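Single-structure report; data block below.
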Amino acid sequence: MWRQPLVRLGVVTILAVVAVLASCRSRPPASQVAPAAGGLRVSGPFVHENLAVYLIHSDEQDDRDFLTLDEGLRDGRVLITEKSQAEVGELLIENRSDLHLFLHEGDRVKGGKQDRTVNTTLVLAPKSGPQPLPTFCIEPDRWCDDNIAGANFGSTSNLALAPSDVRHAAKVAKDQGRVWSEVADANEDVAGQLQVTLQSSSLNESMDSEEARKISGACVAALGGLLDGKPDAVGVAFVVNGKVREADVYPSNRLLKKLLPRLLESYAIEAKVSSKEAKPASLPGSEESAKFLQDGIEKARRDETVAAGNQLRVRRYEGRVKCETEYAGRNVHTQLFGE
């Protein structure tokens with residue numbers, strides 16, 4: 001039975017608890033758990049270099065098994081192609097499986113007329129037939145003029161999601177120009193900090209480079225076992241250089257297990273390229289905790305239908321933005337970006 005685990009989480013619930021927990025000392029025991037509103041609990045931090053990770057726990061979960069895009073592309077259960085009249089902002093996707101397909105904003109694909117990223121989280125029904133897939137370009141200097149309608153897109157060699165700033169520009173700002181700007185910044189960071197020589201403008205080249213994959217792999221090796229013995233973990237939060245960057249809550253532990261390595265891979269690269277930035281002596285302290293504990297005053301809101309059966313709510317507050325995706329009237333992803 002599908003039970004609704006996380007309905008309209010409080011604006012600061014996740015980030016506030018993360019900040020409170022982090023304020024105890026720089027590296028509290030990993031077994032430490034803090035209660036949160038709505039029956040949630042937060043444990044951590046679990047630290048790898050300048051990246052700290054917190055787990056978010058719940059007793060209520062969705063028991064369905066979701067298919068992820070990387071799984072579907074790997075074995076042909078998911079097909080992505082250009083439209084007959086190709087558009088930068090939309091591809092065609094078909095879920096050929098018997099499972100619901102979970103698409104995460106920041107999923108990257110390569111090929112076609114130019115590399116793309118999925119611009120928002122959404123769920124696609126089993127045996128969906130061809131459906132529109134909202135995307136943004138992450139390869140600004142290439143548009144192949146060959147007639148390649150129907151050509152398949154492939155998965156990337158590094159399954160890391162696009163960097164959080166790219167995902168924020170796509171999902172929250174919905175601005176192709178800002179996506180390109182963030183892609184350029186991410187590529188410049190990788191080229192400069194990791195000493196990578198890039199041959200193209202594609203985000204995929206920098207994220208899939210040998211140097212980036214080594215960093216991603218090391219982080220997954222260090223933190224990939226976080227969910228062992230924690231069947232109630234349904235979410236994760238990330239702190240880079242002492243600053244809360246993002247928190248995500250998913251329908252189930254089963255789905256989190258599939259997504260956590262990809263999030264870790266992404267944040268490992270972000271943390272590495274920013275490792276020379278000034279860092280606090282400890283993880284977020286009392287001032288940050290107080291800030292995140294305050295009730296937010298809503299600054300802006302947006303509600304939209306992003307695909308069949310999928311609704312996105314975006315709420316901007318002081319210092320953070322919350323995005324909630326509902327599929328068929330049920331929450332499938334609650335996400336908070338620190339700003």
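Going through the structure tokens in order, the chains are called A, B, and so on, while each chain numbers its residues from 1 and the ligands are numbered from 1 in the order shown.
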Select from stretch 79-142 of chain A every residue with an atom at most 12 Å from any atom of stretch 244-263 of chain A, then for each give the shortest pair of atoms and their distance in Å to one decimal, using only C-alpha atoms, rows by chain and rising number, as CSV.
residue,atom,partner,partner_atom,distance
A:His100,CA,A:Leu255,CA,11.4
A:Leu101,CA,A:Leu255,CA,10.9
A:Phe102,CA,A:Leu255,CA,8.8
A:Leu103,CA,A:Leu259,CA,10.5
A:His104,CA,A:Leu259,CA,8.8
A:Glu105,CA,A:Leu263,CA,11.3
A:Gly106,CA,A:Leu263,CA,9.8
A:Asp107,CA,A:Arg262,CA,9.5
A:Arg108,CA,A:Arg262,CA,11.2
A:Thr121,CA,A:Tyr250,CA,11.0
A:Leu122,CA,A:Tyr250,CA,12.0
A:Val123,CA,A:Pro251,CA,11.8
Practice task
Identify, with DSSP run on backbone atoms, the residues in stretch 96-276 of chain A assigned to strand (DSSP E or B), and express the list as a ChimeraX atom specification.
Solution key: /A:101-103,108-110,116-118,122-124,131-137,152,154-155,233-240,243-249
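The spacing separating atom CA of A:Lys171 from atom CA of A:Gly319 amounts to 16.8 Å.
Using only C-alpha atoms, the contacts of stretch 214-223 of chain A at a cut-off of 8 Å, with sequence neighbours closer than 3 positions omitted, comprise Phe46, Val47, His48, Ala160, Glu210, Glu211, Leu226, Pro261, Leu264, Glu265, Ser266, Ala268, Ile269 and Lys272 of chain A.
Separating atom CA of A:Ala271 from atom CA of A:Gly111 is a distance of 27.8 Å.
The coordinates place atom CA of A:Asn119 at 17.0 Å from atom CA of A:Lys83.
For the set A:Ser201, A:Gln311, A:Thr135, A:Gln85, the residue with the smallest atom-to-atom gap to A:Ala328 is A:Gln311, counting only C-alpha atoms.
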Problem - Residue contacts of A:Leu198 (12 Å, only C-alpha atoms) excluding same-chain residues fewer than 3 positions away, as a list of chain:residue names - result: A:Ala184, A:Ala186, A:Asn187, A:Glu188, A:Asp189, A:Val190, A:Ala191, A:Gly192, A:Leu194, A:Gln195, A:Ser201, A:Ser202, A:Leu203, A:Asn204, A:Glu205, A:Ser206, A:Met207, A:Asp208, A:Ser209, A:Glu210, A:Glu211
Completion exercise
Nearest to A:Ser43, restricted to only C-alpha atoms and choosing among A:Lys127, A:Arg74, A:Lys230, A:Arg213, comes out as A:Lys230
